[in-house]
Structure formats: structure tokens, C-alpha cells
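Chemist: Quick one: the structure is below, and I'll ask about it shortly.
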Amino acid sequence: MSTSKPHGYQPKRIPSQVFLVILCVYFLIPLWWLLVASTKSNPDLFVSSSGPLWFSGHFSFFANLSGLSTYSNGIYWRWLGNSLLYAFVGGIGATTISVLAGYGFAKYNFKGRGFVFALVLGSVMVPATALVLPLFMMFSKLSLINTIWAVILPSLLSPVGTYLIRVYCQEALPDELMDAARVDGASEFRTFWSVSIPQLRPAIVTVLLLSVVATWNNFFLPQIMLSSSKLWPITVGLNYWLTHSSVGSTSEQVWNLVVSGAFVSIVPLIVAFLFLQRYWQSGLTLGSLK
């Protein structure tokens, strides 16, 4: 008598599935710790019978939020607003430039295209921190130091985004589809806007998320470029609290405010991801030609 195995049962996949579960746990533990720590008071962060990965008896999340609103005259929310401004403007700008550049590299033949694209790929290998000092010297001559443009302008260039858009254009945007639009009398701009852009939506959303996250997490560039605390993003502001701030005359570090502020700062990124991820599976038209 033979026993049938469940449909789709493949023992060879068990090790890979276990490995994926381990990776998920590995990446989720820091987020879980941040969530738990944001609900604790300053003493409970270091001395708690429940341990670092579980909630303590005193739920202090709302008290921590109140502290964020009052500490240093509530400058935390200004830092959060600055991060939103830098990430929104920088992300939209970087995505726009990447789409235009990647589309041009993929669909137009022009002299020096290979060389220019090689330069774009080569710039991926240059660490962003290596460019901060040259940018500082250049912006200082342009009187842009300690302005929002010192953070936004460098964020507008995304070599990785340009590469991703080009690759996606080559795979998901057939030349026949564009030729059909041209035969129907559409101009190059109309072809790009009405035919190409809808098909590139998943790639555009991916580049947008990558650009927004990169600008949001940027630390070294704004730390060098900005001297006014009113212009700091959330990364620089929380680091300043972590290393310099004290409460009263006890020189007690405001760890609970730093942890709670870090937790609040990731909420916009999570919301953006949940809102935009539904577009990733739309607009895919490989094989859509009749």
C-alpha cells in the first residue's frame, strides 16, 4: 500500500526554506527590539526583568512621545520634517533623472553611449563618503553650505537607479510597442509619456523607494554640510542627542527619547513601502504584443 505525499511536497526545498526563515528572524529581531525599547522608560532600557526583547511592566511609549515633543523645544519634529523634505524632493528628483537617463540609454543610439554608460556604472563603485569633501568644497564656493540644497542636490543623482531603469527598459519595453505608437502618429514625448511610462511603473516605484530610503538614511553628507540644527535631518539630530544631550545636571543620556525617535522615524518608510508595493506587480507587459 503506497502513501501519497502532499501536493507540492519537495524535500529538497526544506533547507532553503529553513535558511529563509532564519534570515527573516535575523532581520526582524532589530525591528522587534526597537519596537519594544520604544515603550520603555530610560531606567527600564538597562534594568528590566523582562529582558531586552520583551515589554516591561511600565508602558512608556506615549510618555516618550511627549518627551520628544517637549525636549529641546520639540525640535525632533522639525528634524523629522526636514527628513521628509529631503527624502521626498531627493527621491522624486533622483527617480525622474534616472528614468530619463535609463530610458535614453536603452532606447536611443547616440555617439558615445557605451562610454557614458560605463562612466555611470563606474560611479557606482565610488563610495558616497569619498565625494563628500569635494562636494563640500564645491558648494562652499557656490555659497550653498548650510542650506537645504547642500543635501538635496547630491541626492538627485542615482547611478544604480539609472542602471535599473535601463535594464528594465531593455527587457520589459519592446521596441515594437514604441514603433507601433510612432506609426500611429505619436511624437517621441507622447510615446514616452503615454506608452513607455505605464510599462515602466514597477521599475519606477522600485527606484523611487531605493532613492527615498537612501536619502532618508543619509548621515555623513548632512552632518558635514549643515551646521544649523534647524536644518538637520533625523539621522544627524538623533546622533547629536546620543552623543551630546543631557538632562538637567545629572548628565543622563536621553536613551529613551533616542530609541523612541528612531522608531517613529521608520514609520514613514514602512507606510511608503506598504503603499507603493502594490504597484510592483502592475504594468508588466512582457509578451503583451499581439
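By convention here, the chains of the C-alpha cells are called A, B, ... in the order presented, each chain's residues are numbered starting at 1, and ligands are numbered starting at 1 in the order presented.
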When you look at segment 252-263 of chain A with a cut-off of 8 Å (counting only C-alpha atoms), what residues show up, excluding the ones that are within fewer than 4 positions of it in the same chain? I need them as JSON, numbers by chain.
Modeler: {"A": [34, 35, 37, 38, 39, 40, 41, 42, 45, 61, 64, 65, 67, 68, 76, 238, 241, 242, 245, 246, 247, 248, 267]}
Chemist: Go ahead and save the residues from that selection, with C-alpha atoms, as a JSON list (two decimals), in the first residue's frame.
Modeler:
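Output contents, as saved in result_19.json:
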[["chain", "number", "residue", "atom", "x", "y", "z"],
["A", 34, "LEU", "CA", 13.28, 48.85, 18.52],
["A", 35, "LEU", "CA", 9.52, 48.46, 18.96],
["A", 37, "ALA", "CA", 12.55, 49.54, 23.52],
["A", 38, "SER", "CA", 10.41, 52.48, 22.40],
["A", 39, "THR", "CA", 7.84, 51.50, 25.04],
["A", 40, "LYS", "CA", 10.31, 51.56, 27.93],
["A", 41, "SER", "CA", 11.44, 54.35, 30.20],
["A", 42, "ASN", "CA", 15.09, 55.29, 30.45],
["A", 45, "LEU", "CA", 16.16, 50.11, 28.94],
["A", 61, "PHE", "CA", 5.63, 54.88, 24.74],
["A", 64, "ASN", "CA", 8.36, 59.09, 25.35],
["A", 65, "LEU", "CA", 6.38, 60.74, 22.55],
["A", 67, "GLY", "CA", 9.21, 63.88, 25.73],
["A", 68, "LEU", "CA", 10.04, 64.11, 22.04],
["A", 76, "TYR", "CA", 12.65, 66.43, 16.90],
["A", 238, "LEU", "CA", 19.35, 61.72, 16.92],
["A", 241, "TRP", "CA", 21.24, 63.65, 21.19],
["A", 242, "LEU", "CA", 23.00, 60.34, 21.57],
["A", 245, "SER", "CA", 22.49, 65.80, 25.00],
["A", 246, "SER", "CA", 21.95, 65.54, 28.74],
["A", 247, "VAL", "CA", 19.06, 66.02, 31.11],
["A", 248, "GLY", "CA", 19.49, 68.67, 33.77],
["A", 267, "VAL", "CA", 7.17, 54.60, 10.35]]
Chemist: Suppose you want the space between atom CA of Glu188 of chain A and atom CA of Ala106 of chain A; what is it in Å?
Modeler: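 Value for the atom CA of Glu188 of chain A-atom CA of Ala106 of chain A distance: 14.4 Å.
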Chemist: Can you tell me, as a PyMOL selection string, which residues in segment 29-205 of chain A count as alpha helix (DSSP H) by DSSP?
Modeler: chain A and resi 29-37+61-70+75-107+113-124+132-141+149-155+159-172+175-183+188-190+197-199+201-205
Chemist: Could you list, as a PyMOL selection string, every residue within 12 Å of Lys230 of chain A, counting only C-alpha atoms and ignoring same-chain residues fewer than 2 positions away?
Modeler: chain A and resi 72-83+146-148+222+226-228+232-234+236-237
Chemist: Please dump the current selection as a short mmCIF file (atom, residue, chain, number, x, y, z; two decimals), in the first residue's frame; keep N, CA, C and O atoms.
Modeler:
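Produced file selection.cif, reproduced below:
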data_model
loop_
_atom_site.label_atom_id
_atom_site.label_comp_id
_atom_site.auth_asym_id
_atom_site.auth_seq_id
_atom_site.Cartn_x
_atom_site.Cartn_y
_atom_site.Cartn_z
N SER A 72 14.15 69.97 24.01
CA SER A 72 14.77 70.94 23.08
C SER A 72 13.72 71.67 22.27
O SER A 72 13.87 71.88 21.06
N ASN A 73 12.61 72.04 22.94
CA ASN A 73 11.54 72.79 22.28
C ASN A 73 10.92 72.04 21.11
O ASN A 73 10.46 72.65 20.13
N GLY A 74 10.89 70.72 21.21
CA GLY A 74 10.24 69.91 20.18
C GLY A 74 10.96 69.91 18.84
O GLY A 74 10.32 69.70 17.81
N ILE A 75 12.26 70.09 18.86
CA ILE A 75 13.00 70.16 17.59
C ILE A 75 13.01 68.83 16.85
O ILE A 75 13.28 68.78 15.65
N TYR A 76 12.68 67.75 17.56
CA TYR A 76 12.65 66.43 16.90
C TYR A 76 11.71 66.45 15.71
O TYR A 76 12.03 65.91 14.64
N TRP A 77 10.53 67.05 15.87
CA TRP A 77 9.55 67.05 14.78
C TRP A 77 10.01 67.91 13.62
O TRP A 77 9.64 67.65 12.47
N ARG A 78 10.82 68.92 13.90
CA ARG A 78 11.41 69.70 12.80
C ARG A 78 12.42 68.84 12.05
O ARG A 78 12.48 68.88 10.81
N TRP A 79 13.21 68.06 12.79
CA TRP A 79 14.14 67.15 12.13
C TRP A 79 13.40 66.13 11.27
O TRP A 79 13.83 65.82 10.15
N LEU A 80 12.30 65.62 11.79
CA LEU A 80 11.52 64.66 11.02
C LEU A 80 10.95 65.31 9.76
O LEU A 80 10.95 64.70 8.68
N GLY A 81 10.49 66.55 9.88
CA GLY A 81 10.01 67.27 8.71
C GLY A 81 11.11 67.52 7.69
O GLY A 81 10.89 67.43 6.48
N ASN A 82 12.31 67.83 8.18
CA ASN A 82 13.44 68.01 7.27
C ASN A 82 13.74 66.72 6.51
O ASN A 82 14.02 66.74 5.30
N SER A 83 13.72 65.60 7.21
CA SER A 83 13.97 64.31 6.55
C SER A 83 12.92 64.03 5.49
O SER A 83 13.23 63.53 4.40
N ASN A 146 25.24 74.83 4.42
CA ASN A 146 24.23 75.12 5.44
C ASN A 146 22.92 75.59 4.82
O ASN A 146 22.23 76.46 5.34
N THR A 147 22.57 74.99 3.67
CA THR A 147 21.27 75.20 3.04
C THR A 147 20.69 73.83 2.71
O THR A 147 21.41 72.82 2.66
N ILE A 148 19.41 73.78 2.45
CA ILE A 148 18.77 72.51 2.12
C ILE A 148 19.30 71.95 0.80
O ILE A 148 19.29 70.73 0.58
N PRO A 222 24.78 65.24 5.27
CA PRO A 222 24.19 66.37 6.01
C PRO A 222 24.98 66.76 7.25
O PRO A 222 24.97 67.92 7.65
N LEU A 226 25.69 70.69 6.96
CA LEU A 226 24.76 71.50 7.73
C LEU A 226 25.32 71.78 9.13
O LEU A 226 25.68 70.85 9.85
N SER A 227 25.37 73.04 9.48
CA SER A 227 25.82 73.43 10.82
C SER A 227 24.66 73.89 11.69
O SER A 227 24.76 73.87 12.92
N SER A 228 23.57 74.27 11.08
CA SER A 228 22.40 74.72 11.83
C SER A 228 21.55 73.53 12.23
O SER A 228 21.16 72.71 11.38
N TRP A 232 18.97 70.07 10.28
CA TRP A 232 19.40 68.68 10.37
C TRP A 232 18.27 67.72 10.02
O TRP A 232 17.11 67.95 10.37
N PRO A 233 18.59 66.60 9.37
CA PRO A 233 17.62 65.51 9.25
C PRO A 233 17.59 64.70 10.53
O PRO A 233 18.37 64.93 11.46
N ILE A 234 16.73 63.73 10.56
CA ILE A 234 16.53 62.96 11.78
C ILE A 234 17.76 62.15 12.16
O ILE A 234 18.06 61.94 13.34
N VAL A 236 21.03 62.92 11.77
CA VAL A 236 22.03 63.77 12.42
C VAL A 236 21.52 64.24 13.78
O VAL A 236 22.27 64.29 14.76
N GLY A 237 20.24 64.57 13.86
CA GLY A 237 19.68 65.05 15.12
C GLY A 237 19.73 64.01 16.22
O GLY A 237 20.14 64.30 17.34
#
Chemist: Excluding segment 207-209 of chain A and any residue of its chain fewer than 5 positions from it, enumerate the residues within 12 Å of it, using only C-alpha atoms, and give them as a ChimeraX atom specification.
Modeler: /A:87-99,102,155-166,168,200-202,214-216,268-277,279-280
Chemist: Could you tell me how far atom CA of Phe105 of chain A lies from atom CA of Leu121 of chain A, in Å and to one decimal?
Modeler: 12.2 Å
Chemist: Identify which of the residues A:Val120, A:Ala101, A:Leu210, A:Met225 lies closest to Val151 of chain A, counting only C-alpha atoms when measuring atom-to-atom distances.
Modeler: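 Smallest separation from Val151 of chain A among the options: A:Met225.
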Chemist: Nearest to Phe62 of chain A: which of A:Tyr108, A:Ser143, A:Val264, A:Ile204 is it, counting only C-alpha atoms?
Modeler: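 Once distances to Phe62 of chain A are computed over only C-alpha atoms, the minimum belongs to A:Val264.
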Chemist: Counting only C-alpha atoms, figure out which residue out of A:Tyr103, A:Leu231, A:Met137, A:Ala128 gets nearest to Asp175 of chain A.
Modeler: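 Closest to Asp175 of chain A of all the choices is A:Tyr103.
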Chemist: Provide the atom CA of Asp179 of chain A to atom CA of Thr191 of chain A distance in Å, to one decimal place.
Modeler: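 Atom-to-atom, atom CA of Asp179 of chain A and atom CA of Thr191 of chain A are spaced 9.0 Å apart.
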